Amino acid sequence: MDVHHLLLCVAVSLCMVRVSHQDPNEDRLRSMLLRNYNPLVRPVSNYSEPLTVNLGLKLIQISDLDEKKQILTTNAWMSLMWTDSALQWDSEEYNGIKNLRFPYSQIWKPDILLYNSATEGFRSTYDTLVLVDASGKCSYIPPGIFNSVCKLDVRWFPFDIQTCQIRLGSWTHSGLQIELKLNDLNLADYTESKEWSLLDTSAKMTTKYYPCCPEPYPDGTYTLVLRRRSLFYGLNLIIPCILLSALSVVVFMLPVDSGAKIPLGVTVLLCFMVLLLMVSEVIPATSDCVPLVAQYFITTMVIVGLSIIATVMVSRFHHHDPRGQKMPKWAREFLLKWCAWLLQMKKPDCGQVEQAGEDVNLISKGEGTLEPEVGKILEEVRYITKHLRAKEATENVHSEWKFAASVLDRLFLVVFSILMILMTLGILLSAPRLGTSSLKN
């Protein structure tokens with residue numbers, strides 16, 4: 001009975017034993033490598049020797065370039081490669097195992113950070129496993145979203161070209177402890193941005209000395225040259241502005257009696273103010289320079305304001321009181337003579353009453369030979385002629401002011417049209433010519 005009980009206990013114990021399906025060679029190799037391993041010590045045989053670290057960056061996408069905050073957001077993979085002499089083994093002794101993957105906290109890795117980071121936590125990458133091969137070569141490729149500070153020059157917005165930098169380097173190790181070797185920017189899996197075109201890239205090592213420490217601190221700087229795709233801004237800002245500029249000139253083609261000249265000019269001015277508010281929400285609040293599109297809007301608004309003042313002047317001439325002051329001689333000479341001749345405008349004739357008055361004067365010379373009834377009729381005709389002459393003089397003064405208003409209207413139409421065309425071409429064509437975007441493969 002005791003023997004059967006003993007066999008039963010042994011069988012139950014064997015069933016409760018967990019059998020590991022993991023490779024014992026890998027477990028043995030990990031235990032051997034991490035035995036007496038300190039992840040805080042640089043893997044060099046001599047403390048004075050620098051450790052060579054190859055730094056690379058693979059750009060996946062340009063996610064955003066915030067003009068207000070001046071922050072460039074990129075999706076990229078950082079690549080770090082170095083050799084750890086304490087993590088070497090003979091693969092033949094461990095069933096042909098050629099590489100292992102370690103958590104980043106178990107082994108030493110360089111503290112490479114984004115120098116010009118705009119991230120709140122300052123860390124831009126996601127910590128992944130470190131790949132180690134039998135020769136001790138370590139590969140650490142963490143992906144991340146890099147938010148880097150980028151100083152923007154919005155002078156030529158929206159036809160601008162921006163240059164942004166991504167600076168990577170060790171935060172605590174100097175150049176005497178880590179020797180950084182920078183690789184070119186990898187664009188093999190780059191996805192084009194809908195707002196920015198990548199014109200050029202470059203990689204450069206820079207060394208900087210800080211006041212706190214005499215040692216040099218190297219960092220790898222990746223430079224991105226970006227050109228804004230301006231089609232969206234052209235359709236939503238530039239073209240509406242040009243159309244509103246044309247409307248400000250159309251004001252001078254409306255008749256003064258319609259009463260719509262000044263309201264149309266004020267409406268165009270308000271539309272420009274709305275567009276300027278839209279632009280101010282996009283561009284950064286800076287006093288370094290005035291963006292090109294803002295220059296265009298402000299200049300156009302000034303011209304529209306001047307056109308409203310000119311429209312008021314034309315209305316003042318058109319509705320001038322004929323019983324008031326007559327037109328000055330210089331204005332009559334300039335407007336009714338030179339400007340009218342230059343604009344091919346002719347003053348309407350009004351001399352019928354004068355001709356009738358001359359006929360009455362001729363008849364009145366033989367008044368002594370006429371009957372008394374006829375003399376009374378001539379007196380009545382003289383009175384009517386005098387009244388008509390006074391009325392015609394008033395109408396002539398009024399017609400003179402109206403004709404001067406028409407000349408001014410035509411003159412302002414030509415002047416403001418030329419001014420708008422020259423201003424539009426001068427400002428918009430002053431933007432630098434942008435070359436074709438070229439990507440490095």
# chains A, B, ... in the order shown; residues from 1 in each chain; ligands from 1
>>> residues_around(residues="Ser124 in chain A", least_positions_apart="3", cutoff="6 Å", atoms="only C-alpha atoms", output="list in words")
Gly144, Ile145 and Phe146 of chain A
>>> select_by_dssp(residues="range 51-211 of chain A", states="strand (DSSP E or B)", output="PyMOL selection string")
chain A and resi 51-66+71-83+99-102+112-114+117+125+130-133+137-140+143-149+161-170+178-182+186+191+196-209
>>> residues_around(residues="range 238-242 of chain A", least_positions_apart="5", cutoff="10 Å", atoms="only C-alpha atoms", output="compact mmCIF listing (two decimals) with C-alpha atoms, in the first residue's frame")
# COMPACT_ATOMS: atom_id res chain seq x y z
CA PRO A 158 3.30 81.91 -49.24
CA SER A 230 1.52 77.61 -52.61
CA LEU A 231 -1.45 76.39 -54.69
CA PHE A 232 -3.81 76.42 -51.70
CA TYR A 233 -2.83 79.95 -50.71
CA LEU A 247 -13.59 95.61 -58.04
CA SER A 248 -11.96 98.64 -56.45
CA VAL A 268 -14.23 96.01 -50.92
CA CYS A 271 -13.40 92.29 -47.59
CA PHE A 272 -9.68 93.06 -47.57
CA LEU A 275 -8.70 88.42 -45.76
CA LEU A 276 -5.97 90.12 -43.74
CA VAL A 293 1.07 88.50 -48.94
CA TYR A 296 0.20 93.00 -50.93
CA PHE A 297 -2.95 93.18 -48.81
CA THR A 300 -4.06 97.16 -51.81
CA MET A 301 -6.06 98.35 -48.82
CA MET A 420 -3.08 98.20 -59.29
CA ILE A 421 -1.41 96.34 -62.16
CA THR A 424 0.38 93.45 -58.20
CA LEU A 428 4.05 89.19 -56.36
>>> residues_around(residues="Lys194 in chain A", least_positions_apart="3", cutoff="12 Å", atoms="only C-alpha atoms", output="list in words")
Gln61, Ile62, Ser63, Asp64, Leu65, Thr191, Ser197, Leu198, Leu226, Arg227, Arg228, Arg229, Ser230, Leu231 and Phe232 of chain A
>>> write_last_selection(atoms="N, CA and C atoms", output="PDB file, in the first residue's frame")
ATOM      1  N   GLN A  61       8.431  61.038 -42.790  1.00  0.00           N
ATOM      2  CA  GLN A  61       7.458  62.024 -43.257  1.00  0.00           C
ATOM      3  C   GLN A  61       7.650  63.335 -42.506  1.00  0.00           C
ATOM      4  N   ILE A  62       7.366  64.430 -43.211  1.00  0.00           N
ATOM      5  CA  ILE A  62       7.278  65.748 -42.574  1.00  0.00           C
ATOM      6  C   ILE A  62       5.816  65.952 -42.214  1.00  0.00           C
ATOM      7  N   SER A  63       5.509  65.821 -40.933  1.00  0.00           N
ATOM      8  CA  SER A  63       4.111  65.851 -40.503  1.00  0.00           C
ATOM      9  C   SER A  63       3.542  67.264 -40.495  1.00  0.00           C
ATOM     10  N   ASP A  64       4.307  68.222 -39.998  1.00  0.00           N
ATOM     11  CA  ASP A  64       3.754  69.568 -39.862  1.00  0.00           C
ATOM     12  C   ASP A  64       4.890  70.557 -39.642  1.00  0.00           C
ATOM     13  N   LEU A  65       4.627  71.796 -40.057  1.00  0.00           N
ATOM     14  CA  LEU A  65       5.523  72.915 -39.739  1.00  0.00           C
ATOM     15  C   LEU A  65       4.643  74.044 -39.244  1.00  0.00           C
ATOM     16  N   THR A 191       7.836  59.814 -47.430  1.00  0.00           N
ATOM     17  CA  THR A 191       6.524  60.094 -48.009  1.00  0.00           C
ATOM     18  C   THR A 191       6.369  61.603 -48.162  1.00  0.00           C
ATOM     19  N   SER A 197       7.469  70.723 -49.957  1.00  0.00           N
ATOM     20  CA  SER A 197       8.332  69.936 -50.838  1.00  0.00           C
ATOM     21  C   SER A 197       9.749  69.953 -50.274  1.00  0.00           C
ATOM     22  N   LEU A 198      10.364  68.792 -50.245  1.00  0.00           N
ATOM     23  CA  LEU A 198      11.735  68.677 -49.738  1.00  0.00           C
ATOM     24  C   LEU A 198      12.699  68.942 -50.882  1.00  0.00           C
ATOM     25  N   LEU A 226      13.031  73.211 -47.200  1.00  0.00           N
ATOM     26  CA  LEU A 226      11.634  72.954 -47.536  1.00  0.00           C
ATOM     27  C   LEU A 226      11.056  74.117 -48.328  1.00  0.00           C
ATOM     28  N   ARG A 227      10.248  73.781 -49.318  1.00  0.00           N
ATOM     29  CA  ARG A 227       9.533  74.801 -50.091  1.00  0.00           C
ATOM     30  C   ARG A 227       8.030  74.595 -49.913  1.00  0.00           C
ATOM     31  N   ARG A 228       7.326  75.673 -49.632  1.00  0.00           N
ATOM     32  CA  ARG A 228       5.893  75.586 -49.412  1.00  0.00           C
ATOM     33  C   ARG A 228       5.154  75.386 -50.740  1.00  0.00           C
ATOM     34  N   ARG A 229       4.197  74.476 -50.726  1.00  0.00           N
ATOM     35  CA  ARG A 229       3.319  74.316 -51.891  1.00  0.00           C
ATOM     36  C   ARG A 229       2.253  75.414 -51.806  1.00  0.00           C
ATOM     37  N   SER A 230       2.305  76.381 -52.733  1.00  0.00           N
ATOM     38  CA  SER A 230       1.522  77.614 -52.612  1.00  0.00           C
ATOM     39  C   SER A 230       0.199  77.588 -53.366  1.00  0.00           C
ATOM     40  N   LEU A 231      -0.204  76.429 -53.926  1.00  0.00           N
ATOM     41  CA  LEU A 231      -1.454  76.389 -54.686  1.00  0.00           C
ATOM     42  C   LEU A 231      -2.652  76.724 -53.808  1.00  0.00           C
ATOM     43  N   PHE A 232      -2.685  76.171 -52.604  1.00  0.00           N
ATOM     44  CA  PHE A 232      -3.809  76.419 -51.697  1.00  0.00           C
ATOM     45  C   PHE A 232      -3.926  77.909 -51.376  1.00  0.00           C
TER      46      PHE A 232
END
>>> atom_distance(atom1="CA of Val41 in chain A", atom2="CA of Pro214 in chain A")
22.1 Å
>>> closest_residue(among="A:Ser174, A:Asp184, A:Met278, A:Thr299", to="Tyr209 in chain A", atoms="only C-alpha atoms")
A:Ser174
>>> residues_around(residues="range 68-71 of chain A", least_positions_apart="3", cutoff="10 Å", atoms="only C-alpha atoms", output="list in words")
Asp64, Leu65, Thr74, Asn116, Ser117, Ala118, Thr119, Phe146, Asn147, Ser148, Val149, Cys150, Lys151, Leu152, Asp153, Cys164, Ser280, Glu281, Val282, Ile283, Pro284, Ala285 and Thr286 of chain A
>>> atom_distance(atom1="CA of Asp219 in chain A", atom2="CA of Leu51 in chain A")
14.7 Å
>>> residues_around(residues="Val249 in chain A", least_positions_apart="3", cutoff="12 Å", atoms="only C-alpha atoms", output="number ranges by chain")
A: 242-246, 252-254, 261-262, 264-265, 268, 300, 303-308, 310-311, 409-421
>>> atom_distance(atom1="CA of Pro255 in chain A", atom2="CA of Arg316 in chain A")
13.4 Å
>>> select_by_dssp(residues="range 67-207 of chain A", states="helix (DSSP H, G or I)", output="list in words")
Ser85, Ala86, Leu87, Ser91, Glu92, Glu93 and Tyr94 of chain A
>>> write_last_selection(atoms="all heavy atoms", output="JSON list (two decimals), in the first residue's frame")
[["chain", "number", "residue", "atom", "x", "y", "z"],
["A", 85, "SER", "N", 32.40, 45.47, -26.41],
["A", 85, "SER", "CA", 33.33, 44.34, -26.29],
["A", 85, "SER", "C", 32.90, 43.34, -25.22],
["A", 85, "SER", "O", 33.32, 42.17, -25.24],
["A", 85, "SER", "CB", 34.74, 44.85, -26.00],
["A", 85, "SER", "OG", 34.73, 45.64, -24.81],
["A", 86, "ALA", "N", 32.07, 43.76, -24.28],
["A", 86, "ALA", "CA", 31.62, 42.85, -23.21],
["A", 86, "ALA", "C", 30.47, 41.97, -23.66],
["A", 86, "ALA", "O", 30.05, 41.09, -22.91],
["A", 86, "ALA", "CB", 31.21, 43.67, -21.99],
["A", 87, "LEU", "N", 29.94, 42.20, -24.87],
["A", 87, "LEU", "CA", 28.81, 41.42, -25.37],
["A", 87, "LEU", "C", 29.22, 40.61, -26.59],
["A", 87, "LEU", "O", 28.48, 40.53, -27.58],
["A", 87, "LEU", "CB", 27.63, 42.35, -25.69],
["A", 87, "LEU", "CG", 27.05, 43.15, -24.52],
["A", 87, "LEU", "CD1", 25.93, 44.06, -25.00],
["A", 87, "LEU", "CD2", 26.53, 42.22, -23.42],
["A", 91, "SER", "N", 29.50, 31.99, -31.52],
["A", 91, "SER", "CA", 28.20, 31.43, -31.86],
["A", 91, "SER", "C", 28.21, 29.91, -31.95],
["A", 91, "SER", "O", 27.17, 29.27, -31.75],
["A", 91, "SER", "CB", 27.72, 32.03, -33.19],
["A", 91, "SER", "OG", 28.64, 31.72, -34.22],
["A", 92, "GLU", "N", 29.39, 29.30, -32.22],
["A", 92, "GLU", "CA", 29.44, 27.84, -32.33],
["A", 92, "GLU", "C", 29.22, 27.18, -30.97],
["A", 92, "GLU", "O", 28.70, 26.06, -30.88],
["A", 92, "GLU", "CB", 30.81, 27.42, -32.90],
["A", 92, "GLU", "CG", 31.07, 27.95, -34.31],
["A", 92, "GLU", "CD", 30.07, 27.41, -35.32],
["A", 92, "GLU", "OE1", 29.55, 26.31, -35.09],
["A", 92, "GLU", "OE2", 29.81, 28.10, -36.33],
["A", 93, "GLU", "N", 29.61, 27.87, -29.91],
["A", 93, "GLU", "CA", 29.44, 27.29, -28.59],
["A", 93, "GLU", "C", 28.00, 27.37, -28.09],
["A", 93, "GLU", "O", 27.65, 26.73, -27.09],
["A", 93, "GLU", "CB", 30.35, 28.01, -27.59],
["A", 93, "GLU", "CG", 31.84, 27.83, -27.89],
["A", 93, "GLU", "CD", 32.70, 28.53, -26.86],
["A", 93, "GLU", "OE1", 32.10, 29.11, -25.90],
["A", 93, "GLU", "OE2", 33.93, 28.53, -27.02],
["A", 94, "TYR", "N", 27.18, 28.15, -28.77],
["A", 94, "TYR", "CA", 25.80, 28.33, -28.32],
["A", 94, "TYR", "C", 24.82, 28.00, -29.44],
["A", 94, "TYR", "O", 23.90, 28.76, -29.76],
["A", 94, "TYR", "CB", 25.58, 29.77, -27.83],
["A", 94, "TYR", "CG", 26.40, 30.12, -26.61],
["A", 94, "TYR", "CD1", 27.67, 30.70, -26.76],
["A", 94, "TYR", "CD2", 25.94, 29.84, -25.34],
["A", 94, "TYR", "CE1", 28.43, 31.01, -25.65],
["A", 94, "TYR", "CE2", 26.70, 30.15, -24.22],
["A", 94, "TYR", "CZ", 27.94, 30.73, -24.38],
["A", 94, "TYR", "OH", 28.70, 31.04, -23.28]]
